[in-house]
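Here the structure is laid out as structure tokens; the discussion comes afterwards.
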Amino acid sequence: MNLNTVPTKGNLMAAKSSLALARQGYELMDKKRNILIREIMDLTEKADAIQSEINKTFTSAYAALEKANIELGIRNVETFAFNVTPEEDIQVRIRSVMGTEIPVVKHVEEVRNPVYSFYGTTESLDEAKANFEKVKDLTIRLSMIENAAYRLAYNIKKTQKRANALQNITIPNYEVLVKNIENALEEKEREEFTRLKVIKSRVNKK
């Protein structure tokens with residue numbers, strides 16, 4: 001955009017059209033930013049709640065594990081731990097929030113049967129196992145939320161930059177351009193009106 005654009009009615013229409021588009025673009029960017037901010041605030045609350053639950057569950061899990069180590073022996077507990085099967089039912093999908101791709105982890109939380117015999121084990125081992133499985137499920141959910149929050153924060157920053165550019169640079173420049181062209185056209189019309197009056201006056205004198 002050139003602020004020294006030739007002041008014609010065509011250029012005035014084009015400048016007004018560009019100004020309207022810039023203002024509309026800013027409104028859309030502002031709405032997008034607000035929606036993303038609300039989304040990330042909601043995720044932050046969820047993340048805080050899950051993190052608190054993880055901390056409490058970890059405390060219970062380690063207390064139960066310590067008791068199991070005392071009752072059964074560390075070597076035996078390690079043997080039972082090696083029999084735990086890896087997690088294989090996690091699926092990651094994508095959903096879009098105002099153009100921001102957010103991962104959605106599909107994971108079924110279920111009560112899993114022990115991988116060890118009830119004979120020769122204690123309740124503390126069962127409690128430790130259940131708590132650590134809960135921690136794993138919570139950690140999966142937390143990782144999804146934190147990843148989504150990171151992506152939203154990045155997009156909010158990018159949207160903010162675009163909104164600021166439109167508000168502080170593009171829109172003011174187009175407003176100045178429109179005003180300059182309008183002033184130039186008005187001045188041109190006044191000169192034309194004055195010239196016609198002079199011509200008419202000379203014609204009448206003749």
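Identifiers for the structure tokens are assigned positionally: chains receive A, B, ... in sequence, residues are indexed from 1 per chain, and ligands are indexed from 1 in the order shown.
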
*Do a neighbour search on range 147-161 of chain A at 7 Å with only C-alpha atoms, toss out local chain neighbours closer than 2 positions, and write the hits as a PyMOL selection string.*
chain A and resi 29+33+36+40+43+100+102-103+143-145+163-165

When DSSP is applied to the backbone of this structure, which of range 40-194 of chain A are assigned strand (DSSP E)? Write them out as a compact mmCIF listing (two decimals) with N, CA and C atoms, in the first residue's frame.
```txt
# COMPACT_ATOMS: atom_id res chain seq x y z
N GLN A 91 -4.80 -44.32 21.66
CA GLN A 91 -4.94 -43.80 20.31
C GLN A 91 -4.99 -42.28 20.38
N VAL A 92 -4.28 -41.63 19.46
CA VAL A 92 -4.24 -40.17 19.43
C VAL A 92 -4.96 -39.67 18.18
N ARG A 93 -5.94 -38.81 18.41
CA ARG A 93 -6.66 -38.18 17.30
C ARG A 93 -6.51 -36.67 17.41
N ILE A 94 -6.98 -35.97 16.39
CA ILE A 94 -6.82 -34.52 16.35
C ILE A 94 -8.20 -33.85 16.24
N ARG A 95 -8.38 -32.80 17.05
CA ARG A 95 -9.56 -31.95 16.88
C ARG A 95 -9.08 -30.52 16.68
N SER A 96 -9.90 -29.72 16.03
CA SER A 96 -9.50 -28.36 15.68
C SER A 96 -10.28 -27.33 16.49
N VAL A 97 -9.55 -26.39 17.07
CA VAL A 97 -10.17 -25.26 17.78
C VAL A 97 -9.69 -23.98 17.11
N THR A 100 -6.52 -24.42 15.33
CA THR A 100 -5.43 -25.00 16.12
C THR A 100 -5.69 -26.49 16.31
N GLU A 101 -4.77 -27.31 15.84
CA GLU A 101 -4.92 -28.76 15.96
C GLU A 101 -4.52 -29.21 17.37
N ILE A 102 -5.47 -29.83 18.05
CA ILE A 102 -5.25 -30.26 19.43
C ILE A 102 -5.36 -31.78 19.50
N PRO A 103 -4.37 -32.46 20.10
CA PRO A 103 -4.43 -33.92 20.21
C PRO A 103 -5.48 -34.37 21.22
N VAL A 104 -6.20 -35.39 20.85
CA VAL A 104 -7.18 -36.01 21.75
C VAL A 104 -6.77 -37.46 21.94
N VAL A 105 -6.43 -37.82 23.16
CA VAL A 105 -5.97 -39.17 23.46
C VAL A 105 -7.18 -40.03 23.82
N LYS A 106 -7.37 -41.09 23.05
CA LYS A 106 -8.46 -42.02 23.34
C LYS A 106 -7.88 -43.18 24.15
```

_I want to know what sits within 12 Å of Ser18 in chain A, based on only C-alpha atoms, with residues of the same chain fewer than 5 positions away left out; could you give that as a list in words?_
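The filter keeps Met1, Asn11, Leu12, Met13, Arg23, Gln24, Gly25, Leu166, Thr170, Ile171, Pro172, Asn173, Tyr174, Glu175, Leu177 and Val178 of chain A.
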
*Once DSSP has gone over the backbone, tell me which residues of range 68-203 of chain A are in helix (DSSP H, G or I), as a ChimeraX atom specification.*
/A:68-72,74-82,123-203

Env of range 124-131 of chain A: 8 Å cut, atoms = only C-alpha atoms, seq-sep filter 5 positions within chain, self excluded. Answer as a compact mmCIF listing (two decimals) with C-alpha atoms, in the first residue's frame.
```txt
# COMPACT_ATOMS: atom_id res chain seq x y z
CA THR A 57 -2.29 -40.82 44.20
CA PHE A 58 1.52 -40.96 44.03
CA SER A 60 -0.72 -43.35 48.36
CA ALA A 61 1.03 -45.50 45.76
CA TYR A 62 4.50 -45.11 47.28
CA ALA A 63 3.16 -45.68 50.78
CA ALA A 64 1.56 -48.93 49.61
CA LEU A 65 4.70 -49.90 47.68
CA LYS A 67 4.61 -51.49 52.78
CA ALA A 68 4.63 -54.21 50.09
CA VAL A 77 7.98 -56.95 44.24
CA PRO A 114 -3.51 -58.63 38.58
```

_I'd like to know which of A:Asn180, A:Ser17, A:Gln167, A:Thr44 is closest to Asp30 in chain A, using only C-alpha atoms._
A:Gln167

*How many Å separate CA of Gly99 in chain A from CA of Ala47 in chain A?*
22.1 Å

_Using only C-alpha atoms, which protein or nucleic acid residues come within 12 Å of Asn183 in chain A? Drop anything in the same chain fewer than 6 positions from it, and give the result as a list in words._
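Close residues of Asn183 in chain A: Pro7, Thr8, Lys9, Leu12, Val176, Leu177, Glu189 and Arg190 of chain A.
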
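Each of A:Lys188, A:Arg162, A:Lys32, A:Lys46 was compared to Glu146 in chain A using only C-alpha atoms, and A:Lys46 turns out to be the nearest.
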